[in-house]
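Novice: Below is the structure I would like to discuss, written out as C-alpha coordinates.
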Amino acid sequence: MDKNKVDQFVLINNKYFPQESLFEIRNALAESEESKGDFIIQQQWKNPVLALIISFFVGGFGIDRFYIGDILLGILKLITIGGFGLWWLIDLFLIMSATRSNNLKKFRSIKYML
(Lines give C-alpha, C1' and ligand atoms only; values in the text may rest on other atoms or scores of the structure.)
Protein backbone atom coordinates (compact mmCIF):
# COMPACT_ATOMS: atom_id res chain seq x y z
CA MET A 1 0.00 0.00 0.00
CA ASP A 2 1.13 3.54 -0.68
CA LYS A 3 3.24 5.04 2.13
CA ASN A 4 1.29 8.31 2.09
CA LYS A 5 -2.02 6.50 2.62
CA VAL A 6 -0.50 4.51 5.48
CA ASP A 7 0.87 7.63 7.15
CA GLN A 8 -2.43 9.44 6.70
CA PHE A 9 -4.39 6.53 8.21
CA VAL A 10 -2.10 6.34 11.24
CA LEU A 11 -2.16 10.12 11.73
CA ILE A 12 -5.96 10.35 11.57
CA ASN A 13 -6.82 7.15 13.48
CA ASN A 14 -4.07 6.87 16.11
CA LYS A 15 -6.49 7.89 18.87
CA TYR A 16 -8.57 4.75 18.21
CA PHE A 17 -5.74 2.27 18.89
CA PRO A 18 -3.27 1.60 21.71
CA GLN A 19 -0.13 3.64 21.16
CA GLU A 20 2.14 0.60 21.37
CA SER A 21 0.29 -1.01 18.43
CA LEU A 22 0.77 1.82 15.92
CA PHE A 23 4.04 0.36 14.62
CA GLU A 24 2.29 -2.97 13.99
CA ILE A 25 -0.58 -1.21 12.22
CA ARG A 26 1.78 0.84 10.08
CA ASN A 27 3.73 -2.25 9.02
CA ALA A 28 0.62 -4.32 8.32
CA LEU A 29 -0.84 -1.62 6.10
CA ALA A 30 2.46 -0.98 4.32
CA GLU A 31 2.78 -4.68 3.47
CA SER A 32 -0.85 -5.14 2.42
CA GLU A 33 -2.26 -5.07 -1.08
CA GLU A 34 -3.95 -1.86 -2.18
CA SER A 35 -7.50 -3.27 -2.11
CA LYS A 36 -7.01 -4.87 1.30
CA GLY A 37 -5.57 -1.64 2.72
CA ASP A 38 -8.41 0.39 1.27
CA PHE A 39 -10.94 -1.94 2.92
CA ILE A 40 -9.24 -1.46 6.30
CA ILE A 41 -9.09 2.31 5.85
CA GLN A 42 -12.85 2.46 5.19
CA GLN A 43 -13.75 0.75 8.47
CA GLN A 44 -15.47 2.68 11.24
CA TRP A 45 -13.54 2.54 14.51
CA LYS A 46 -15.15 3.02 17.91
CA ASN A 47 -14.28 6.31 19.57
CA PRO A 48 -12.78 5.92 23.08
CA VAL A 49 -13.97 9.38 24.18
CA LEU A 50 -17.53 8.62 23.11
CA ALA A 51 -17.30 5.30 24.99
CA LEU A 52 -16.26 7.24 28.11
CA ILE A 53 -19.19 9.63 27.75
CA ILE A 54 -21.60 6.74 27.24
CA SER A 55 -20.07 4.98 30.24
CA PHE A 56 -20.50 8.03 32.45
CA PHE A 57 -24.16 8.58 31.63
CA VAL A 58 -25.58 5.09 30.97
CA GLY A 59 -22.70 2.76 31.80
CA GLY A 60 -24.63 1.27 34.69
CA PHE A 61 -26.91 -0.36 32.14
CA GLY A 62 -24.05 -1.81 30.08
CA ILE A 63 -24.63 0.43 27.08
CA ASP A 64 -20.91 1.29 26.97
CA ARG A 65 -20.01 -2.39 26.63
CA PHE A 66 -22.62 -2.90 23.94
CA TYR A 67 -21.14 0.09 22.09
CA ILE A 68 -17.62 -1.35 21.99
CA GLY A 69 -18.82 -4.81 21.05
CA ASP A 70 -18.57 -6.66 24.37
CA ILE A 71 -22.11 -8.05 24.21
CA LEU A 72 -21.73 -10.62 26.99
CA LEU A 73 -20.20 -8.09 29.39
CA GLY A 74 -22.93 -5.63 28.43
CA ILE A 75 -25.62 -8.15 29.33
CA LEU A 76 -23.92 -8.99 32.64
CA LYS A 77 -23.54 -5.33 33.44
CA LEU A 78 -27.19 -4.70 32.58
CA ILE A 79 -28.41 -7.57 34.75
CA THR A 80 -26.34 -6.46 37.74
CA ILE A 81 -27.01 -2.75 37.13
CA GLY A 82 -23.36 -1.96 36.69
CA GLY A 83 -22.15 -4.49 39.23
CA PHE A 84 -24.18 -2.63 41.86
CA GLY A 85 -22.35 0.55 40.89
CA LEU A 86 -18.85 -0.79 41.45
CA TRP A 87 -18.34 -2.11 37.91
CA TRP A 88 -19.67 1.17 36.53
CA LEU A 89 -17.12 3.12 38.56
CA ILE A 90 -14.23 0.87 37.51
CA ASP A 91 -15.29 1.09 33.86
CA LEU A 92 -14.99 4.87 33.96
CA PHE A 93 -11.24 4.30 34.20
CA LEU A 94 -10.98 1.25 31.90
CA ILE A 95 -13.46 1.81 29.08
CA MET A 96 -11.17 3.93 26.90
CA SER A 97 -8.40 1.33 26.86
CA ALA A 98 -10.97 -1.44 26.33
CA THR A 99 -12.29 0.46 23.30
CA ARG A 100 -8.80 0.81 21.84
CA SER A 101 -8.09 -2.87 22.46
CA ASN A 102 -11.32 -3.90 20.74
CA ASN A 103 -10.43 -1.70 17.76
CA LEU A 104 -7.04 -3.42 17.56
CA LYS A 105 -8.73 -6.85 17.70
CA LYS A 106 -11.02 -5.79 14.86
CA PHE A 107 -8.02 -4.53 12.85
CA ARG A 108 -6.17 -7.81 13.34
CA SER A 109 -9.20 -9.93 12.42
CA ILE A 110 -9.75 -7.92 9.24
CA LYS A 111 -6.06 -8.12 8.38
CA TYR A 112 -6.04 -11.92 8.66
CA MET A 113 -9.47 -12.38 7.12
CA LEU A 114 -8.63 -10.70 3.82
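Following the order of the C-alpha coordinates, chains are lettered A, B, ..., residues in each are numbered from 1, and ligands are numbered from 1.
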Show which residues sit within 12 Å of Lys106 of chain A, as a VMD selection string. Count only C-alpha atoms, and ignore same-chain residues fewer than 3 positions away.
Specialist: chain A and resid 16 to 17 25 40 43 to 46 68 to 69 99 to 103 109 to 113
Novice: Take the residues from that selection and write them out as a PDB file, in the first residue's frame, keeping N, CA and C atoms.
Specialist:
```pdb
ATOM      1  N   TYR A  16      -7.674   5.905  18.082  1.00  0.00           N
ATOM      2  CA  TYR A  16      -8.566   4.751  18.209  1.00  0.00           C
ATOM      3  C   TYR A  16      -7.853   3.460  18.585  1.00  0.00           C
ATOM      4  N   PHE A  17      -6.530   3.475  18.635  1.00  0.00           N
ATOM      5  CA  PHE A  17      -5.739   2.273  18.888  1.00  0.00           C
ATOM      6  C   PHE A  17      -4.760   2.510  20.031  1.00  0.00           C
ATOM      7  N   ILE A  25       0.437  -1.633  13.184  1.00  0.00           N
ATOM      8  CA  ILE A  25      -0.583  -1.211  12.224  1.00  0.00           C
ATOM      9  C   ILE A  25       0.073  -0.621  10.986  1.00  0.00           C
ATOM     10  N   ILE A  40      -9.530  -1.763   4.891  1.00  0.00           N
ATOM     11  CA  ILE A  40      -9.235  -1.464   6.300  1.00  0.00           C
ATOM     12  C   ILE A  40      -9.428   0.026   6.578  1.00  0.00           C
ATOM     13  N   GLN A  43     -13.051   1.237   7.285  1.00  0.00           N
ATOM     14  CA  GLN A  43     -13.753   0.748   8.468  1.00  0.00           C
ATOM     15  C   GLN A  43     -14.048   1.888   9.438  1.00  0.00           C
ATOM     16  N   GLN A  44     -15.115   1.718  10.192  1.00  0.00           N
ATOM     17  CA  GLN A  44     -15.472   2.676  11.235  1.00  0.00           C
ATOM     18  C   GLN A  44     -14.925   2.153  12.559  1.00  0.00           C
ATOM     19  N   TRP A  45     -14.139   2.942  13.229  1.00  0.00           N
ATOM     20  CA  TRP A  45     -13.538   2.545  14.507  1.00  0.00           C
ATOM     21  C   TRP A  45     -14.295   3.205  15.640  1.00  0.00           C
ATOM     22  N   LYS A  46     -14.435   2.499  16.741  1.00  0.00           N
ATOM     23  CA  LYS A  46     -15.151   3.019  17.909  1.00  0.00           C
ATOM     24  C   LYS A  46     -14.305   4.101  18.575  1.00  0.00           C
ATOM     25  N   ILE A  68     -18.942  -0.906  22.449  1.00  0.00           N
ATOM     26  CA  ILE A  68     -17.623  -1.347  21.991  1.00  0.00           C
ATOM     27  C   ILE A  68     -17.614  -2.788  21.498  1.00  0.00           C
ATOM     28  N   GLY A  69     -18.739  -3.470  21.604  1.00  0.00           N
ATOM     29  CA  GLY A  69     -18.822  -4.811  21.052  1.00  0.00           C
ATOM     30  C   GLY A  69     -18.705  -5.941  22.053  1.00  0.00           C
ATOM     31  N   THR A  99     -11.856   0.073  24.646  1.00  0.00           N
ATOM     32  CA  THR A  99     -12.292   0.457  23.304  1.00  0.00           C
ATOM     33  C   THR A  99     -11.130   0.366  22.327  1.00  0.00           C
ATOM     34  N   ARG A 100      -9.981   0.886  22.715  1.00  0.00           N
ATOM     35  CA  ARG A 100      -8.803   0.814  21.841  1.00  0.00           C
ATOM     36  C   ARG A 100      -8.386  -0.634  21.590  1.00  0.00           C
ATOM     37  N   SER A 101      -8.445  -1.451  22.614  1.00  0.00           N
ATOM     38  CA  SER A 101      -8.087  -2.870  22.461  1.00  0.00           C
ATOM     39  C   SER A 101      -9.051  -3.582  21.522  1.00  0.00           C
ATOM     40  N   ASN A 102     -10.336  -3.283  21.631  1.00  0.00           N
ATOM     41  CA  ASN A 102     -11.316  -3.900  20.736  1.00  0.00           C
ATOM     42  C   ASN A 102     -11.121  -3.433  19.296  1.00  0.00           C
ATOM     43  N   ASN A 103     -10.746  -2.180  19.104  1.00  0.00           N
ATOM     44  CA  ASN A 103     -10.434  -1.699  17.761  1.00  0.00           C
ATOM     45  C   ASN A 103      -9.234  -2.444  17.184  1.00  0.00           C
ATOM     46  N   SER A 109      -8.316  -8.927  13.049  1.00  0.00           N
ATOM     47  CA  SER A 109      -9.196  -9.926  12.424  1.00  0.00           C
ATOM     48  C   SER A 109      -9.442  -9.588  10.960  1.00  0.00           C
ATOM     49  N   ILE A 110      -9.572  -8.320  10.630  1.00  0.00           N
ATOM     50  CA  ILE A 110      -9.750  -7.918   9.240  1.00  0.00           C
ATOM     51  C   ILE A 110      -8.474  -8.212   8.439  1.00  0.00           C
ATOM     52  N   LYS A 111      -7.343  -7.913   9.057  1.00  0.00           N
ATOM     53  CA  LYS A 111      -6.064  -8.123   8.382  1.00  0.00           C
ATOM     54  C   LYS A 111      -5.879  -9.599   8.016  1.00  0.00           C
ATOM     55  N   TYR A 112      -6.221 -10.492   8.924  1.00  0.00           N
ATOM     56  CA  TYR A 112      -6.037 -11.924   8.661  1.00  0.00           C
ATOM     57  C   TYR A 112      -7.165 -12.508   7.832  1.00  0.00           C
ATOM     58  N   MET A 113      -8.327 -11.872   7.857  1.00  0.00           N
ATOM     59  CA  MET A 113      -9.474 -12.384   7.117  1.00  0.00           C
ATOM     60  C   MET A 113      -9.292 -12.164   5.611  1.00  0.00           C
TER      61      MET A 113
END
```
Novice: If you count only C-alpha atoms, which residues fall within 12 Å of segment 64-67 of chain A, apart from same-chain ones fewer than 3 positions away, as JSON, numbers by chain?
Specialist: {"A": [45, 46, 47, 48, 49, 50, 51, 52, 53, 54, 55, 56, 57, 58, 59, 60, 61, 70, 71, 72, 73, 74, 75, 76, 77, 78, 82, 87, 88, 91, 92, 94, 95, 96, 98, 99, 102, 103]}
